>>> print(open('protein-v3.csv').read())   # CSV, C-alpha atoms and all ligand atoms
chain,number,residue,atom,x,y,z
A,16,MET,CA,54.4,26.9,94.7
A,17,LYS,CA,53.5,23.2,94.7
A,18,ASN,CA,56.9,21.7,94.2
A,19,ASP,CA,59.4,24.1,95.8
A,20,PRO,CA,62.7,22.3,96.4
A,21,SER,CA,65.7,23.9,98.0
A,22,VAL,CA,69.2,24.7,96.9
A,23,SER,CA,72.2,25.4,99.1
A,24,ILE,CA,73.1,29.1,98.6
A,25,ASN,CA,76.3,30.8,99.7
A,26,GLU,CA,75.3,34.3,98.7
A,27,ILE,CA,73.2,36.4,96.3
A,28,PHE,CA,74.5,39.8,95.4
A,29,TYR,CA,74.4,42.5,92.8
A,30,SER,CA,77.7,43.5,91.1
A,31,ILE,CA,79.5,44.0,87.8
A,32,GLN,CA,80.1,40.9,85.7
A,33,GLY,CA,83.8,40.6,85.4
A,34,GLU,CA,84.1,37.9,82.8
A,35,ALA,CA,83.0,36.5,79.5
A,36,LYS,CA,80.3,37.9,77.1
A,37,ASN,CA,78.5,40.1,79.6
A,38,THR,CA,81.6,41.7,81.1
A,39,GLY,CA,80.8,45.1,82.6
A,40,LYS,CA,77.1,44.5,82.9
A,41,PRO,CA,75.3,44.9,86.2
A,42,THR,CA,74.3,41.4,87.2
A,43,VAL,CA,72.8,39.5,90.0
A,44,PHE,CA,75.0,36.6,91.1
A,45,ILE,CA,73.5,33.5,92.7
A,46,ARG,CA,76.4,31.6,94.3
A,47,THR,CA,75.6,28.1,95.3
A,48,ALA,CA,77.5,26.5,98.2
A,49,GLY,CA,79.8,23.5,98.0
A,50,CYS,CA,82.1,22.1,95.5
A,51,PRO,CA,83.5,18.5,95.2
A,52,PHE,CA,86.8,19.8,93.6
A,53,ARG,CA,89.8,21.7,94.9
A,54,CYS,CA,91.4,23.8,92.1
A,55,SER,CA,94.8,25.3,93.1
A,56,TYR,CA,93.7,28.8,92.0
A,57,CYS,CA,90.2,28.7,93.5
A,58,ASP,CA,89.2,32.2,94.6
A,59,THR,CA,85.8,31.2,96.1
A,60,ASP,CA,86.9,28.6,98.7
A,61,TYR,CA,84.6,30.4,101.2
A,62,ALA,CA,81.7,28.8,99.3
A,63,PHE,CA,82.9,25.3,100.1
A,64,THR,CA,81.3,25.2,103.5
A,65,GLU,CA,79.3,28.5,104.0
A,66,GLY,CA,75.8,27.9,102.7
A,67,LYS,CA,72.1,27.7,103.7
A,68,GLN,CA,69.3,25.8,102.1
A,69,LYS,CA,66.9,28.2,100.5
A,70,LYS,CA,63.6,27.4,98.8
A,71,ILE,CA,63.8,28.2,95.1
A,72,SER,CA,60.7,30.5,95.4
A,73,GLU,CA,62.6,32.5,98.0
A,74,VAL,CA,65.7,32.8,95.7
A,75,ILE,CA,63.5,34.1,92.9
A,76,LYS,CA,61.7,36.6,95.2
A,77,TYR,CA,65.0,38.0,96.3
A,78,VAL,CA,66.5,38.2,92.8
A,79,LYS,CA,63.4,40.2,91.7
A,80,LYS,CA,64.4,43.0,94.0
A,81,PHE,CA,67.2,44.0,91.6
A,82,ASP,CA,66.4,45.8,88.3
A,83,THR,CA,68.5,43.8,85.9
A,84,LYS,CA,67.8,41.0,83.4
A,85,TYR,CA,71.3,39.5,83.8
A,86,ILE,CA,71.7,36.6,86.2
A,87,THR,CA,74.8,34.5,86.7
A,88,VAL,CA,74.5,31.3,88.6
A,89,THR,CA,77.9,30.4,89.9
A,90,GLY,CA,79.6,28.6,92.8
A,91,GLY,CA,81.2,26.6,94.2
A,92,GLU,CA,80.0,24.2,91.6
A,93,PRO,CA,76.3,24.8,90.8
A,94,LEU,CA,75.9,21.5,89.0
A,95,ALA,CA,76.8,19.7,92.2
A,96,GLN,CA,73.4,20.8,93.6
A,97,LYS,CA,70.6,18.3,93.3
A,98,ASN,CA,67.9,20.8,92.5
A,99,ILE,CA,69.8,23.2,90.3
A,100,LYS,CA,67.7,22.4,87.2
A,101,ASN,CA,64.6,23.5,89.0
A,102,LEU,CA,66.2,26.8,89.9
A,103,LEU,CA,67.4,27.3,86.3
A,104,GLU,CA,64.0,26.5,84.8
A,105,LEU,CA,62.3,28.9,87.1
A,106,LEU,CA,64.7,31.7,86.2
A,107,ILE,CA,64.1,30.9,82.5
A,108,SER,CA,60.3,31.2,83.0
A,109,ASN,CA,60.9,34.6,84.6
A,110,SER,CA,62.6,35.7,81.3
A,111,TYR,CA,66.1,36.3,82.7
A,112,ASP,CA,69.2,36.3,80.6
A,113,ILE,CA,71.1,33.6,82.5
A,114,SER,CA,74.6,32.3,82.4
A,115,LEU,CA,75.8,29.3,84.4
A,116,GLU,CA,79.5,29.1,85.4
A,117,THR,CA,80.6,25.5,85.8
A,118,SER,CA,83.8,23.7,86.1
A,119,GLY,CA,83.7,21.3,83.1
A,120,LEU,CA,84.1,18.5,85.6
A,121,ILE,CA,80.4,17.6,85.7
A,122,ASP,CA,78.2,16.5,82.8
A,123,ILE,CA,76.4,19.5,81.3
A,124,SER,CA,73.9,17.5,79.3
A,125,SER,CA,71.0,18.2,81.6
A,126,VAL,CA,71.4,22.0,81.5
A,127,PRO,CA,68.4,23.6,79.8
A,128,GLU,CA,69.1,24.9,76.2
A,129,ASP,CA,68.2,28.5,77.2
A,130,ILE,CA,71.1,28.8,79.6
A,131,GLU,CA,74.4,30.1,78.4
A,132,ILE,CA,77.1,27.9,79.9
A,133,VAL,CA,80.4,29.3,80.8
A,134,MET,CA,82.6,26.3,81.1
A,135,ASP,CA,86.0,26.5,82.9
A,136,ILE,CA,88.1,23.8,81.3
A,137,LYS,CA,90.6,22.8,84.0
A,138,THR,CA,94.2,23.3,83.0
A,139,PRO,CA,97.1,21.3,84.4
A,140,SER,CA,98.0,23.9,87.1
A,141,SER,CA,94.5,23.6,88.6
A,142,ASN,CA,95.5,20.1,89.7
A,143,GLU,CA,92.0,18.9,88.6
A,144,GLU,CA,92.8,18.5,84.9
A,145,SER,CA,92.4,14.7,84.9
A,146,LYS,CA,88.7,15.1,85.9
A,147,ASN,CA,87.6,17.2,82.8
A,148,ILE,CA,84.6,15.5,81.1
A,149,LYS,CA,85.6,15.2,77.5
A,150,LYS,CA,82.0,14.7,76.3
A,151,ASN,CA,81.2,18.3,77.5
A,152,LEU,CA,83.3,19.6,74.7
A,153,SER,CA,81.2,17.9,72.1
A,154,ILE,CA,77.9,19.0,73.4
A,155,ILE,CA,78.6,22.6,74.2
A,156,LYS,CA,76.5,25.0,72.1
A,157,LYS,CA,77.8,27.6,69.7
A,158,THR,CA,76.5,30.4,72.0
A,159,ASP,CA,78.2,29.0,75.1
A,160,VAL,CA,81.6,30.1,76.4
A,161,LEU,CA,84.8,28.1,76.9
A,162,LYS,CA,87.2,29.5,79.5
A,163,PHE,CA,90.7,28.5,80.2
A,164,VAL,CA,92.4,29.8,83.3
A,165,ILE,CA,96.1,30.0,82.5
A,166,GLY,CA,98.7,29.8,85.2
A,167,ASP,CA,101.8,29.4,83.1
A,168,LYS,CA,103.2,28.6,79.6
A,169,ASN,CA,102.5,24.9,80.1
A,170,ASP,CA,98.8,25.7,80.7
A,171,TYR,CA,98.7,27.9,77.6
A,172,GLU,CA,100.2,25.2,75.4
A,173,TRP,CA,97.9,22.5,76.8
A,174,SER,CA,94.9,24.7,76.2
A,175,LYS,CA,95.9,25.2,72.5
A,176,GLU,CA,96.2,21.4,72.2
A,177,VAL,CA,92.7,20.9,73.7
A,178,LEU,CA,91.2,23.3,71.2
A,179,SER,CA,93.0,21.7,68.3
A,180,GLU,CA,92.3,18.1,69.3
A,181,ASN,CA,88.6,18.9,69.7
A,182,ASN,CA,88.2,21.0,66.5
A,183,LEU,CA,87.4,24.0,68.5
A,184,ILE,CA,90.1,26.4,67.2
A,185,ASN,CA,87.3,28.5,65.5
A,186,PHE,CA,84.7,28.2,68.3
A,187,SER,CA,83.3,31.8,68.7
A,188,ASN,CA,83.6,32.3,72.4
A,189,ILE,CA,87.0,31.2,73.8
A,190,TYR,CA,88.5,33.1,76.7
A,191,PHE,CA,92.0,32.8,78.0
A,192,SER,CA,92.2,34.2,81.5
A,193,PRO,CA,95.5,34.6,83.3
A,194,VAL,CA,95.6,33.6,87.0
A,195,HIS,CA,95.4,37.0,88.6
A,196,ASP,CA,98.6,38.0,90.4
A,197,LEU,CA,100.4,35.0,89.0
A,198,LEU,CA,100.7,35.4,85.2
A,199,LYS,CA,101.4,38.8,83.7
A,200,PRO,CA,98.7,39.9,81.2
A,201,LYS,CA,101.4,41.1,78.9
A,202,ASP,CA,103.1,37.7,78.8
A,203,ILE,CA,99.9,35.8,77.8
A,204,ALA,CA,99.0,38.7,75.4
A,205,LYS,CA,102.4,38.2,73.6
A,206,TRP,CA,101.8,34.4,73.3
A,207,ILE,CA,98.4,34.9,71.8
A,208,LEU,CA,99.7,37.4,69.3
A,209,ASP,CA,102.7,35.4,68.4
A,210,ASP,CA,100.5,32.4,67.7
A,211,ASN,CA,97.7,34.5,66.0
A,212,LEU,CA,95.3,32.5,68.2
A,213,LYS,CA,91.6,33.3,67.7
A,214,VAL,CA,90.8,33.6,71.4
A,215,THR,CA,89.8,36.5,73.6
A,216,LEU,CA,92.2,37.6,76.4
A,217,GLN,CA,90.1,38.0,79.5
A,218,LEU,CA,91.3,40.0,82.5
A,219,GLN,CA,88.8,39.5,85.3
A,220,ILE,CA,87.7,43.1,85.7
A,221,HIS,CA,86.1,42.6,89.1
A,222,LYS,CA,89.7,41.9,90.5
A,223,TYR,CA,90.7,45.3,89.1
A,224,ILE,CA,87.7,47.0,90.7
A,225,TRP,CA,87.7,45.3,94.1
A,226,GLY,CA,91.0,43.5,94.3
A,227,ASN,CA,90.6,40.3,96.3
A,228,GLU,CA,87.6,41.6,98.2
A,229,ARG,CA,84.3,39.9,97.5
A,230,ALA,CA,82.8,41.8,94.5
A,231,ARG,CA,80.0,43.7,96.0
B,1,LIG,S1,85.5,24.0,90.5
B,1,LIG,FE1,85.4,26.2,90.9
B,1,LIG,S2,84.6,26.4,93.0
B,1,LIG,FE2,85.4,24.3,92.7
B,1,LIG,S3,87.5,24.4,93.5
B,1,LIG,FE3,87.5,24.7,91.2
B,1,LIG,S4,87.5,26.9,91.0
B,1,LIG,FE4,86.8,26.5,93.1
>>> encode(input="protein-v3.csv", output="structure tokens", more="lines below")
Ligand code: SF4
Amino acid sequence: MKNDPSVSINEIFYSIQGEAKNTGKPTVFIRTAGCPFRCSYCDTDYAFTEGKQKKISEVIKYVKKFDTKYITVTGGEPLAQKNIKNLLELLISNSYDISLETSGLIDISSVPEDIEIVMDIKTPSSNEESKNIKKNLSIIKKTDVLKFVIGDKNDYEWSKEVLSENNLINFSNIYFSPVHDLLKPKDIAKWILDDNLKVTLQLQIHKYIWGNERAR
């Protein structure tokens, strides 16, 4: 490959997608290393420092060993990688069904149209709420996913307000996900039902399958 830049990779593994629209589907995860943020509930802090530069051609070659069309590019924060667009474009040209998990704290405008963005809007209990990029909510596509990780009632109320203020109450793919082991699923289920909120309650199924072990 003529232009073959590198991306810092923490791990590549084959597992069950535990979240969003492809929940339950066998998926290859490409986890980039590094993240400039520090969310209170982060469950991938090992990716902050553990990473190796890999040529994009090597990444694609490795991914091709797995017999699935589903790829999730996650982190860390993938959009903090200088060459992430090159990797995404090469995955697209190899006809994968790609989702990109990102924090909502970095501008998504350069993400190619063919990628499904799963954007984790940072709630107050993350301690990174002030860094949410408001513009991202106006450029997100109908097919993308908005995820709110909810740690308590205040996060829940705050998330409702964000949806209302940004005319997103009827957006198709909104997931409210309780912080595992912190907020009881039945508590958030009750709030959603009481408010008749048009969101999907998401329990991260990989945590039920593997607990707090790495999902592979
Ligand atoms: S943005 Fe994601 S990887 Fe970074 S600290 Fe927050 S949860 Fe962890």
>>> closest_residue(input="protein-v3.csv", among="A:Cys57, A:Ile24, A:Val43, A:Leu161", to="ligand LIG 1 (chain B)", atoms="all atoms listed in the file")
A:Cys57
>>> residues_near_ligand(input="protein-v3.csv", ligand="ligand LIG 1 (chain B)", cutoff="9 Å", atoms="all atoms listed in the file", output="PyMOL selection string")
chain A and resi 48-60+62-63+89-93+116-120+135+137+141+143
>>> residues_near_point(input="protein-v3.csv", point="(100.6, 24.6, 82.9)", cutoff="9 Å", atoms="all atoms listed in the file", output="list of chain:residue names")
A:Thr138, A:Pro139, A:Ser140, A:Ser141, A:Ile165, A:Gly166, A:Asp167, A:Lys168, A:Asn169, A:Asp170, A:Tyr171, A:Glu172, A:Trp173, A:Ser174
>>> closest_residue(input="protein-v3.csv", among="A:Lys67, A:Lys146, A:Lys84, A:Lys157", to="Phe186 in chain A", atoms="only C-alpha atoms")
A:Lys157
>>> closest_atom_pairs(input="protein-v3.csv", of="range 81-112 of chain A", to="range 121-132 of chain A", cutoff="8 Å", atoms="all atoms listed in the file", output="CSV")
residue,atom,partner,partner_atom,distance
A:Leu94,CA,A:Ile121,CA,6.8
A:Ala95,CA,A:Ile121,CA,7.7
A:Lys100,CA,A:Val126,CA,6.8
A:Leu103,CA,A:Pro127,CA,7.5
A:Glu104,CA,A:Pro127,CA,7.3
A:Ile107,CA,A:Asp129,CA,7.1
A:Asp112,CA,A:Ile130,CA,7.8
>>> residues_around(input="protein-v3.csv", residues="range 29-39 of chain A", least_positions_apart="6", cutoff="10 Å", atoms="only C-alpha atoms", output="PyMOL selection string")
chain A and resi 45+78+81-83+85-87+114+131+133+158-162+188-192+215-224+229-231
>>> atom_distance(input="protein-v3.csv", atom1="CA of Ile155 in chain A", atom2="CA of Met134 in chain A")
8.8 Å
>>> atom_distance(input="protein-v3.csv", atom1="CA of Leu106 in chain A", atom2="CA of Phe44 in chain A")
12.4 Å
>>> atom_distance(input="protein-v3.csv", atom1="CA of Asn185 in chain A", atom2="CA of Leu198 in chain A")
24.8 Å
>>> residues_around(input="protein-v3.csv", residues="Lys175 in chain A", least_positions_apart="3", cutoff="10 Å", atoms="all atoms listed in the file", output="PDB file with C-alpha atoms, in the coordinates of the input")
ATOM      1  CA  PHE A 163      90.700  28.500  80.200  1.00  0.00           C
ATOM      2  CA  ASP A 170      98.800  25.700  80.700  1.00  0.00           C
ATOM      3  CA  TYR A 171      98.700  27.900  77.600  1.00  0.00           C
ATOM      4  CA  GLU A 172     100.200  25.200  75.400  1.00  0.00           C
ATOM      5  CA  LEU A 178      91.200  23.300  71.200  1.00  0.00           C
ATOM      6  CA  SER A 179      93.000  21.700  68.300  1.00  0.00           C
ATOM      7  CA  GLU A 180      92.300  18.100  69.300  1.00  0.00           C
ATOM      8  CA  LEU A 183      87.400  24.000  68.500  1.00  0.00           C
ATOM      9  CA  ILE A 184      90.100  26.400  67.200  1.00  0.00           C
ATOM     10  CA  ASP A 210     100.500  32.400  67.700  1.00  0.00           C
ATOM     11  CA  LEU A 212      95.300  32.500  68.200  1.00  0.00           C
ATOM     12  CA  VAL A 214      90.800  33.600  71.400  1.00  0.00           C
TER      13      VAL A 214
END
>>> closest_residue(input="protein-v3.csv", among="A:Val164, A:Ile148, A:Ile71, A:Val88", to="Asn101 in chain A", atoms="only C-alpha atoms")
A:Ile71
